[in-house]
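File shown here: structure.txt, holding compact mmCIF, C-alpha atoms.
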# COMPACT_ATOMS: atom_id res chain seq x y z
CA GLY A 1 76.13 131.14 119.96
CA PHE A 2 78.04 134.19 118.80
CA SER A 3 78.47 137.54 120.46
CA ARG A 4 76.87 140.58 118.83
CA SER A 5 80.27 141.88 117.76
CA THR A 6 81.43 138.66 116.04
CA GLU A 7 78.20 137.26 114.62
CA PRO A 8 78.15 139.27 111.32
CA HIS A 9 81.76 138.29 110.63
CA ARG A 10 81.05 134.61 111.34
CA VAL A 11 77.93 134.60 109.18
CA GLY A 12 79.90 136.09 106.29
CA LEU A 13 82.65 133.51 106.76
CA PHE A 14 80.16 130.64 106.75
CA ARG A 15 78.49 131.97 103.61
CA ARG A 16 81.85 132.10 101.81
CA ARG A 17 82.68 128.59 103.01
CA ALA A 18 79.38 127.29 101.66
CA LYS A 19 80.02 128.85 98.25
CA GLU A 20 83.52 127.39 98.22
CA SER A 21 82.09 123.93 98.98
CA ASP A 22 79.75 124.28 96.01
CA ALA A 23 82.60 125.37 93.71
CA PHE A 24 84.90 122.62 95.01
CA LEU A 25 82.47 119.84 94.17
CA TRP A 26 81.88 120.99 90.62
CA ARG A 27 85.56 121.68 90.03
CA ASP A 28 86.25 118.17 91.37
CA ALA A 29 83.96 116.81 88.66
CA ASP A 30 85.68 118.88 85.95
CA VAL A 31 89.11 117.64 86.98
CA LEU A 32 88.15 113.98 86.93
CA LEU A 33 86.00 114.24 83.80
CA GLY A 34 89.11 115.47 82.03
CA GLY A 35 87.19 117.07 79.21
CA CYS A 36 84.92 114.08 78.64
CA SER A 37 82.60 114.98 75.77
CA ASN A 38 79.74 112.76 76.88
CA PRO A 39 79.36 112.78 80.67
CA ALA A 40 76.96 110.30 82.19
CA PRO A 41 73.32 111.39 82.50
CA ALA A 42 73.70 111.13 86.26
CA LEU A 43 76.21 113.98 86.19
CA ARG A 44 74.05 116.17 83.95
CA LEU A 45 71.20 115.68 86.42
CA SER A 46 73.40 116.11 89.46
CA ARG A 47 72.25 119.59 90.48
CA SER A 48 68.61 118.52 90.49
CA ARG A 49 69.67 115.40 92.42
CA VAL A 50 71.35 117.56 95.04
CA ASP A 51 68.27 119.79 95.35
CA HIS A 52 66.08 116.71 95.65
CA LEU A 53 68.17 115.55 98.59
CA GLY A 54 67.67 118.93 100.19
CA TYR A 55 71.23 120.23 99.88
CA HIS A 56 70.75 123.47 97.94
CA SER A 57 72.18 126.95 97.87
CA GLY A 58 70.34 129.58 99.83
CA PRO A 59 70.40 131.33 103.18
CA VAL A 60 73.08 129.75 105.33
CA ASP A 61 72.55 129.06 108.99
CA PRO A 62 76.05 129.39 110.49
CA MET A 63 75.25 126.74 113.07
CA ASN A 64 74.53 124.20 110.33
CA LEU A 65 77.43 124.79 107.96
CA ARG A 66 79.12 121.50 108.73
CA SER A 67 75.93 119.57 108.08
CA ILE A 68 75.49 121.46 104.80
CA GLU A 69 79.01 120.53 103.70
CA ARG A 70 78.45 116.90 104.69
CA GLY A 71 75.17 116.95 102.81
CA TRP A 72 76.80 118.28 99.66
CA ARG A 73 79.53 115.66 99.78
CA LEU A 74 77.09 112.85 100.49
CA ALA A 75 74.94 113.96 97.53
CA TRP A 76 78.06 114.05 95.36
CA MET A 77 79.00 110.56 96.54
CA HIS A 78 75.54 109.28 95.51
CA ILE A 79 75.96 110.89 92.10
CA ILE A 80 79.35 109.25 91.53
CA ALA A 81 77.97 105.87 92.67
CA ARG A 82 75.29 106.08 89.97
CA MET A 83 77.98 106.61 87.32
CA LEU A 84 80.12 103.63 88.34
CA PRO A 85 80.10 100.73 85.85
CA GLY A 86 79.17 97.14 86.58
CA GLU A 87 76.58 95.51 88.79
CA ARG A 88 75.77 96.92 92.20
CA THR A 89 76.81 93.61 93.78
CA ALA A 90 79.27 91.33 91.99
CA THR A 91 81.64 88.40 92.38
CA LEU A 92 85.04 88.21 90.74
CA PRO A 93 85.39 85.65 87.96
CA ASP A 94 87.61 82.65 88.68
CA VAL A 95 91.10 84.17 88.76
CA ARG A 96 92.62 80.81 87.76
CA LEU A 97 90.77 80.90 84.43
CA THR A 98 90.32 84.61 83.65
CA PRO A 99 93.06 87.13 82.82
CA LEU A 100 92.54 90.14 85.08
CA LYS A 101 94.21 93.53 85.03
CA VAL A 102 94.16 94.79 88.62
CA LEU A 103 94.76 98.28 90.03
CA PHE A 104 95.58 98.62 93.73
CA LEU A 105 94.96 102.01 95.39
CA ARG A 106 97.03 103.14 98.37
CA PHE A 107 98.05 106.79 98.24
CA GLU A 108 98.40 107.80 101.88
CA ARG A 109 101.39 107.45 104.22
CA ILE A 110 104.60 105.47 103.78
CA GLY A 111 103.79 103.08 106.64
CA ASP A 112 100.46 102.28 104.98
CA MET A 113 102.21 101.35 101.76
CA ILE A 114 104.75 99.17 103.54
CA MET A 115 101.92 97.26 105.26
CA ALA A 116 100.11 96.96 101.92
CA THR A 117 103.01 95.13 100.26
CA SER A 118 101.84 91.80 101.69
CA VAL A 119 98.35 92.27 100.22
CA ILE A 120 99.82 93.34 96.88
CA ARG A 121 102.00 90.21 96.82
CA ALA A 122 99.10 87.94 97.76
CA ILE A 123 96.82 89.28 95.02
CA ALA A 124 99.54 89.36 92.36
CA THR A 125 100.50 85.73 93.02
CA SER A 126 96.93 84.43 93.32
CA SER A 127 97.05 83.56 89.61
CA PRO A 128 99.59 83.77 86.78
CA LEU A 129 96.83 85.46 84.76
CA ILE A 130 96.83 88.56 87.00
CA THR A 131 98.83 91.71 86.32
CA LEU A 132 98.84 94.35 89.04
CA ASP A 133 99.50 98.10 89.04
CA VAL A 134 99.49 100.49 92.00
CA VAL A 135 98.51 104.10 92.65
CA SER A 136 100.80 105.56 95.32
CA ALA A 137 101.64 108.93 96.79
CA PRO A 138 104.89 110.54 95.60
CA ASN A 139 106.60 109.88 98.93
CA THR A 140 105.55 106.21 99.04
CA ARG A 141 106.54 105.28 95.48
CA PRO A 142 110.09 104.25 96.53
CA VAL A 143 108.60 101.48 98.70
CA LEU A 144 107.58 99.70 95.49
CA GLU A 145 110.85 100.11 93.60
CA ASN A 146 112.13 96.76 92.28
CA ASN A 147 108.96 95.01 93.46
CA PRO A 148 108.51 92.03 91.10
CA TYR A 149 104.78 91.82 91.82
CA VAL A 150 104.00 95.30 90.50
CA ARG A 151 103.91 96.04 86.77
CA LYS A 152 103.49 99.81 86.92
CA VAL A 153 103.27 102.50 89.62
CA PHE A 154 101.21 105.66 89.17
CA THR A 155 101.53 108.56 91.59
CA LEU A 156 98.89 110.91 92.91
CA ASP A 157 99.82 114.19 94.55
CA ARG A 158 96.60 115.04 96.37
CA GLY A 159 97.71 118.65 96.74
CA THR A 160 97.38 119.48 93.03
CA TRP A 161 94.44 119.35 90.64
CA LYS A 162 96.89 118.73 87.79
CA SER A 163 97.94 115.43 89.35
CA TYR A 164 94.33 114.25 89.74
CA ARG A 165 93.52 115.08 86.15
CA ALA A 166 96.65 113.44 84.74
CA LEU A 167 96.06 110.29 86.77
CA ALA A 168 92.41 110.12 85.70
CA ARG A 169 93.51 110.29 82.06
CA ASP A 170 96.16 107.59 82.56
CA LEU A 171 93.80 105.22 84.33
CA ALA A 172 91.12 105.59 81.67
CA ALA A 173 93.67 104.47 79.05
CA GLU A 174 94.59 101.27 80.93
CA HIS A 175 91.17 99.49 80.83
CA TYR A 176 91.37 97.75 84.20
CA ASP A 177 89.16 94.81 85.10
CA VAL A 178 89.44 95.13 88.89
CA ILE A 179 90.24 97.95 91.30
CA VAL A 180 91.16 97.19 94.90
CA ASP A 181 90.98 99.97 97.47
CA GLY A 182 93.65 99.15 100.04
CA ARG A 183 92.30 101.67 102.53
CA LEU A 184 90.20 100.01 105.23
CA ASN A 185 89.18 102.99 107.36
CA ASN A 186 87.53 105.34 104.88
CA PRO A 187 85.66 108.29 106.38
CA PRO A 188 81.86 108.11 106.24
CA ILE A 189 81.86 110.31 103.11
CA PHE A 190 84.63 110.11 100.50
CA THR A 191 84.65 111.14 96.85
CA SER A 192 88.16 111.20 95.34
CA THR A 193 88.59 107.41 95.29
CA PRO A 194 85.14 106.77 93.73
CA LEU A 195 85.86 109.37 91.05
CA LEU A 196 89.17 107.68 90.20
CA MET A 197 87.35 104.35 90.06
CA TRP A 198 84.81 105.80 87.67
CA ARG A 199 87.49 107.18 85.37
CA ALA A 200 89.33 103.84 85.40
CA GLY A 201 86.10 102.13 84.34
CA ALA A 202 86.73 98.79 86.04
CA PRO A 203 83.54 96.70 86.40
CA TYR A 204 84.77 95.12 89.65
CA ARG A 205 85.59 97.31 92.67
CA VAL A 206 86.93 95.53 95.76
CA GLY A 207 86.80 97.18 99.19
CA VAL A 208 85.61 96.61 102.73
CA GLY A 209 81.85 96.77 103.06
CA GLY A 210 79.57 98.63 105.42
CA GLY A 211 77.98 102.08 105.48
CA ASN A 212 78.54 104.30 102.46
CA ASN A 213 81.28 101.96 101.25
CA ASP A 214 78.48 99.84 99.81
CA LEU A 215 77.69 102.66 97.38
CA VAL A 216 81.14 102.39 95.84
CA TYR A 217 82.36 98.80 96.08
CA ASN A 218 80.47 95.99 94.38
CA VAL A 219 82.82 93.22 95.53
CA ARG A 220 82.63 93.77 99.26
CA ALA A 221 85.08 92.31 101.73
CA LYS A 222 84.39 91.88 105.42
CA ALA A 223 84.04 95.20 107.27
CA TYR A 224 87.18 96.29 109.10
CA ASP A 225 87.25 95.76 112.84
CA ARG A 226 89.34 98.66 114.16
CA SER A 227 90.37 96.64 117.21
CA THR A 228 92.47 94.36 114.97
CA HIS A 229 95.87 95.11 113.44
CA TYR A 230 95.69 96.76 110.04
CA ILE A 231 97.56 93.95 108.28
CA ARG A 232 95.21 91.37 109.75
CA GLY A 233 92.23 93.42 108.64
CA SER A 234 93.69 93.77 105.14
CA ARG A 235 93.51 90.02 104.65
CA ALA A 236 89.81 90.38 103.85
CA LEU A 237 90.73 92.16 100.59
CA THR A 238 92.25 88.95 99.23
CA ALA A 239 89.21 86.74 99.87
CA PRO A 240 87.46 87.72 96.59
CA PHE A 241 90.49 86.33 94.76
CA GLY A 242 89.86 82.90 96.26
CA LEU A 243 92.77 82.99 98.69
CA ASP A 244 93.03 81.22 102.03
CA ALA A 245 94.34 83.87 104.45
CA SER A 246 95.73 81.25 106.85
CA ALA A 247 98.06 79.91 104.14
CA ILE A 248 99.64 83.26 103.23
CA ASP A 249 102.82 84.90 104.49
CA TRP A 250 101.61 88.35 105.59
CA ARG A 251 104.99 89.88 106.35
CA PRO A 252 105.56 93.22 104.53
CA GLU A 253 108.38 93.26 102.02
CA ILE A 254 110.58 95.82 100.27
CA PHE A 255 113.22 95.01 97.67
CA LEU A 256 116.62 96.60 98.14
CA THR A 257 119.34 96.80 95.51
CA GLU A 258 122.79 95.41 96.24
CA ASP A 259 124.12 98.96 96.51
CA GLU A 260 121.46 99.83 99.10
CA ARG A 261 122.31 96.70 101.09
CA GLU A 262 126.01 97.51 101.05
CA ARG A 263 125.40 101.07 102.22
CA ALA A 264 123.13 99.83 104.99
CA ASP A 265 125.73 97.27 106.10
CA ALA A 266 128.32 100.05 106.21
CA VAL A 267 126.09 102.13 108.46
CA TRP A 268 125.61 99.22 110.85
CA GLN A 269 129.34 98.50 110.80
CA ARG A 270 130.19 102.08 111.76
CA ALA A 271 127.63 101.98 114.52
CA ALA A 272 129.13 98.78 115.90
CA GLU A 273 132.62 100.30 115.99
CA ARG A 274 131.61 103.26 118.16

Spell out the structure here as structure tokens.
Amino acid sequence: GFSRSTEPHRVGLFRRRAKESDAFLWRDADVLLGGCSNPAPALRLSRSRVDHLGYHSGPVDPMNLRSIERGWRLAWMHIIARMLPGERTATLPDVRLTPLKVLFLRFERIGDMIMATSVIRAIATSSPLITLDVVSAPNTRPVLENNPYVRKVFTLDRGTWKSYRALARDLAAEHYDVIVDGRLNNPPIFTSTPLLMWRAGAPYRVGVGGGNNDLVYNVRAKAYDRSTHYIRGSRALTAPFGLDASAIDWRPEIFLTEDERERADAVWQRAAER
């Protein structure tokens, strides 16, 4: 517990944190709604939904703040899941016969994006009827420069609300058929990706299954086994596209310009002469 001298301060801090959590969730909705004039009924009923789940404002027990925050976010995740389009469980149409506009999400670290290039290539080449776009982080966008398998790259700066809102608006205008979440190890509760999926409006959402992931993805790949290499685990994301993982080259790939190659060769040459 807390000492007598620090307890009032801690209680006040926890109360402020709880209020901030409440404000964050509703501001999150405002950012992703982007001024939508007709929000889904699930959103209009969201506060009563949260109260029904037992996560309501009121006296805050400082020892339970973390559970309150988790409860709020879990309730929010349930609300978003109810707004997502499409069936709760689905199968992709035959990619050989159906034109599909695909969005691939991977907006974390640069190494993650490099590893994802093999999955991007596999999905993009699974059918000539597929076009593929990517959402990246600002620092990982250069990994996809000159990539012939990617039509368009959007960036998301997770540190600014303006970036979220702009991206939500751009995705809504694209009318995607399929969204693939390239992240395999989502935390138990996550909301930003589902909100982006909702704004994009794609009826098919591909991601690894299991736990709360099943609330978000309706085309569920095999759950990720954390004891396996990330690239090997990512192969499951291509199965819904009818691909045979054993027949695919899974080496990551970046596409350098001739100028970049020449500069790299010069660096190696200078190193060899030392």

Counting only C-alpha atoms, which of A:Gly111, A:Pro252, A:Pro240, A:Gly209 gets nearest to Val95 in chain A?
->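 Closest to Val95 in chain A, using only C-alpha atoms: A:Pro240.
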
Fewer than 4 positions away in the same chain doesn't count, so skip those; otherwise give me all residues within 9 Å of Asp133 in chain A, counting only C-alpha atoms, as a PDB file with C-alpha atoms, in the coordinates of the input.
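Okay, selection.pdb is ready:
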ATOM      1  CA  LYS A 101      94.210  93.530  85.030  1.00  0.00           C
ATOM      2  CA  VAL A 102      94.160  94.790  88.620  1.00  0.00           C
ATOM      3  CA  LEU A 103      94.760  98.280  90.030  1.00  0.00           C
ATOM      4  CA  PHE A 104      95.580  98.620  93.730  1.00  0.00           C
ATOM      5  CA  LEU A 105      94.960 102.010  95.390  1.00  0.00           C
ATOM      6  CA  TYR A 149     104.780  91.820  91.820  1.00  0.00           C
ATOM      7  CA  VAL A 150     104.000  95.300  90.500  1.00  0.00           C
ATOM      8  CA  ARG A 151     103.910  96.040  86.770  1.00  0.00           C
ATOM      9  CA  LYS A 152     103.490  99.810  86.920  1.00  0.00           C
ATOM     10  CA  VAL A 153     103.270 102.500  89.620  1.00  0.00           C
ATOM     11  CA  PHE A 154     101.210 105.660  89.170  1.00  0.00           C
TER      12      PHE A 154
END

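Residues having any atom no farther than 9 Å from (83.7, 105.7, 103.2) (counting all atoms listed in the file) are Leu184, Asn185, Asn186, Pro187, Pro188, Ile189, Phe190, Thr191, Gly210, Gly211, Asn212, Asn213, Asp214, Leu215 and Val216 of chain A.
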
Computed interatomic separation between CA of Pro85 in chain A and CA of Arg169 in chain A (Å) |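 Spanning CA of Pro85 in chain A to CA of Arg169 in chain A is a straight-line distance of 16.9 Å.
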
Do you know which residues lie at most 12 Å from (96.0, 113.0, 87.4), with coordinates as in the file and all atoms listed in the file counted, and could you write them as a compact mmCIF listing (two decimals) with C-alpha atoms, in the coordinates of the input?
# COMPACT_ATOMS: atom_id res chain seq x y z
CA ASP A 28 86.25 118.17 91.37
CA ASP A 30 85.68 118.88 85.95
CA VAL A 31 89.11 117.64 86.98
CA LEU A 32 88.15 113.98 86.93
CA LEU A 33 86.00 114.24 83.80
CA GLY A 34 89.11 115.47 82.03
CA VAL A 135 98.51 104.10 92.65
CA SER A 136 100.80 105.56 95.32
CA ALA A 137 101.64 108.93 96.79
CA PHE A 154 101.21 105.66 89.17
CA THR A 155 101.53 108.56 91.59
CA LEU A 156 98.89 110.91 92.91
CA ASP A 157 99.82 114.19 94.55
CA ARG A 158 96.60 115.04 96.37
CA GLY A 159 97.71 118.65 96.74
CA THR A 160 97.38 119.48 93.03
CA TRP A 161 94.44 119.35 90.64
CA LYS A 162 96.89 118.73 87.79
CA SER A 163 97.94 115.43 89.35
CA TYR A 164 94.33 114.25 89.74
CA ARG A 165 93.52 115.08 86.15
CA ALA A 166 96.65 113.44 84.74
CA LEU A 167 96.06 110.29 86.77
CA ALA A 168 92.41 110.12 85.70
CA ARG A 169 93.51 110.29 82.06
CA ASP A 170 96.16 107.59 82.56
CA LEU A 171 93.80 105.22 84.33
CA ALA A 172 91.12 105.59 81.67
CA SER A 192 88.16 111.20 95.34
CA LEU A 195 85.86 109.37 91.05
CA LEU A 196 89.17 107.68 90.20
CA ARG A 199 87.49 107.18 85.37
CA ALA A 200 89.33 103.84 85.40

In Å, rounded to a single decimal, give me how far CA of Met113 in chain A is from CA of Asp265 in chain A.
->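 These two atoms are separated by 24.3 Å.
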
Tell me, in Å to one decimal, how far CA of Glu145 in chain A is from CA of Leu256 in chain A.
->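 Separating CA of Glu145 in chain A from CA of Leu256 in chain A is a distance of 8.1 Å.
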
Identify, on the basis of all atoms listed in the file, every residue whose closest approach to Ala239 in chain A does not exceed 10 Å; exclude the query and any residue fewer than 3 positions from it along the same chain; express the result as JSON, numbers by chain.
-> {"A": [123, 206, 220, 221, 222, 234, 235, 236, 242, 243, 244, 245]}

I want to know what sits within 10 Å of Arg96 in chain A, based on all atoms listed in the file, with residues of the same chain fewer than 3 positions away left out; could you give that as a PDB file with C-alpha atoms, in the coordinates of the input?
ATOM      1  CA  PRO A  93      85.390  85.650  87.960  1.00  0.00           C
ATOM      2  CA  PRO A  99      93.060  87.130  82.820  1.00  0.00           C
ATOM      3  CA  LEU A 100      92.540  90.140  85.080  1.00  0.00           C
ATOM      4  CA  SER A 126      96.930  84.430  93.320  1.00  0.00           C
ATOM      5  CA  SER A 127      97.050  83.560  89.610  1.00  0.00           C
ATOM      6  CA  PRO A 128      99.590  83.770  86.780  1.00  0.00           C
ATOM      7  CA  LEU A 129      96.830  85.460  84.760  1.00  0.00           C
ATOM      8  CA  ILE A 130      96.830  88.560  87.000  1.00  0.00           C
ATOM      9  CA  PHE A 241      90.490  86.330  94.760  1.00  0.00           C
ATOM     10  CA  GLY A 242      89.860  82.900  96.260  1.00  0.00           C
TER      11      GLY A 242
END

Spatial neighbours of Asp249 in chain A, 12 Å, all atoms listed in the file, chain gap at least 4 places, as a list in words = Thr117, Ser118, Val119, Ile120, Arg121, Ala122, Thr125, Ile231, Arg232, Arg235, Leu243, Asp244, Ala245 and Glu253 of chain A

Only C-alpha atoms, please: the residues just picked out, written as a CSV table (one decimal), keeping the file's coordinate frame.
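File written: part.csv
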chain,number,residue,atom,x,y,z
A,117,THR,CA,103.0,95.1,100.3
A,118,SER,CA,101.8,91.8,101.7
A,119,VAL,CA,98.4,92.3,100.2
A,120,ILE,CA,99.8,93.3,96.9
A,121,ARG,CA,102.0,90.2,96.8
A,122,ALA,CA,99.1,87.9,97.8
A,125,THR,CA,100.5,85.7,93.0
A,231,ILE,CA,97.6,94.0,108.3
A,232,ARG,CA,95.2,91.4,109.8
A,235,ARG,CA,93.5,90.0,104.6
A,243,LEU,CA,92.8,83.0,98.7
A,244,ASP,CA,93.0,81.2,102.0
A,245,ALA,CA,94.3,83.9,104.4
A,253,GLU,CA,108.4,93.3,102.0

Take range 124-135 of chain A from the preceding structure and save all heavy atoms as a short mmCIF file (atom, residue, chain, number, x, y, z; two decimals), in the first residue's frame.
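And here's part_36.cif as it stands now:
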data_model
loop_
_atom_site.label_atom_id
_atom_site.label_comp_id
_atom_site.auth_asym_id
_atom_site.auth_seq_id
_atom_site.Cartn_x
_atom_site.Cartn_y
_atom_site.Cartn_z
N ALA A 124 0.93 -9.60 -53.35
CA ALA A 124 0.77 -8.80 -54.57
C ALA A 124 0.88 -9.66 -55.82
O ALA A 124 0.24 -9.35 -56.85
CB ALA A 124 1.81 -7.70 -54.60
N THR A 125 1.66 -10.71 -55.78
CA THR A 125 1.85 -11.57 -56.96
C THR A 125 0.95 -12.80 -56.95
O THR A 125 1.06 -13.64 -57.83
CB THR A 125 3.32 -12.02 -57.06
OG1 THR A 125 3.69 -12.73 -55.86
CG2 THR A 125 4.25 -10.83 -57.25
N SER A 126 0.07 -12.90 -55.97
CA SER A 126 -0.82 -14.07 -55.91
C SER A 126 -1.84 -14.06 -57.03
O SER A 126 -2.41 -15.10 -57.38
CB SER A 126 -1.54 -14.13 -54.56
OG SER A 126 -2.37 -12.99 -54.37
N SER A 127 -2.08 -12.88 -57.62
CA SER A 127 -3.01 -12.76 -58.74
C SER A 127 -2.76 -11.44 -59.46
O SER A 127 -2.49 -10.42 -58.81
CB SER A 127 -4.45 -12.80 -58.24
OG SER A 127 -5.36 -12.41 -59.26
N PRO A 128 -2.86 -11.44 -60.78
CA PRO A 128 -2.72 -10.17 -61.51
C PRO A 128 -3.89 -9.22 -61.27
O PRO A 128 -3.83 -8.05 -61.67
CB PRO A 128 -2.67 -10.62 -62.98
CG PRO A 128 -3.33 -11.95 -63.00
CD PRO A 128 -3.01 -12.59 -61.68
N LEU A 129 -4.94 -9.69 -60.60
CA LEU A 129 -6.10 -8.87 -60.31
C LEU A 129 -5.99 -8.13 -58.99
O LEU A 129 -6.90 -7.39 -58.60
CB LEU A 129 -7.37 -9.74 -60.30
CG LEU A 129 -7.70 -10.48 -61.60
CD1 LEU A 129 -8.95 -11.32 -61.43
CD2 LEU A 129 -7.85 -9.51 -62.76
N ILE A 130 -4.87 -8.31 -58.29
CA ILE A 130 -4.67 -7.66 -56.99
C ILE A 130 -3.82 -6.40 -57.14
O ILE A 130 -2.79 -6.40 -57.82
CB ILE A 130 -3.99 -8.63 -55.99
CG1 ILE A 130 -5.02 -9.63 -55.46
CG2 ILE A 130 -3.35 -7.87 -54.83
CD1 ILE A 130 -4.47 -10.59 -54.43
N THR A 131 -4.27 -5.32 -56.51
CA THR A 131 -3.43 -4.14 -56.32
C THR A 131 -3.22 -3.97 -54.82
O THR A 131 -4.13 -4.24 -54.03
CB THR A 131 -4.08 -2.87 -56.90
OG1 THR A 131 -5.37 -2.67 -56.29
CG2 THR A 131 -4.26 -2.99 -58.40
N LEU A 132 -2.05 -3.55 -54.43
CA LEU A 132 -1.70 -3.52 -53.01
C LEU A 132 -1.10 -2.18 -52.60
O LEU A 132 -0.17 -1.69 -53.25
CB LEU A 132 -0.75 -4.67 -52.68
CG LEU A 132 -0.41 -4.89 -51.21
CD1 LEU A 132 -0.26 -6.38 -50.90
CD2 LEU A 132 0.87 -4.16 -50.82
N ASP A 133 -1.63 -1.61 -51.53
CA ASP A 133 -1.10 -0.40 -50.91
C ASP A 133 -0.62 -0.74 -49.50
O ASP A 133 -0.99 -1.79 -48.95
CB ASP A 133 -2.16 0.70 -50.83
CG ASP A 133 -2.67 1.14 -52.20
OD1 ASP A 133 -1.99 0.84 -53.21
OD2 ASP A 133 -3.75 1.75 -52.25
N VAL A 134 0.17 0.14 -48.92
CA VAL A 134 0.75 -0.11 -47.60
C VAL A 134 0.62 1.12 -46.72
O VAL A 134 0.77 2.25 -47.20
CB VAL A 134 2.24 -0.51 -47.71
CG1 VAL A 134 2.86 -0.72 -46.32
CG2 VAL A 134 2.42 -1.77 -48.55
N VAL A 135 0.34 0.89 -45.43
CA VAL A 135 0.46 1.95 -44.43
C VAL A 135 1.74 1.70 -43.65
O VAL A 135 1.92 0.63 -43.05
CB VAL A 135 -0.74 1.96 -43.46
CG1 VAL A 135 -0.51 3.00 -42.36
CG2 VAL A 135 -2.02 2.27 -44.21
#
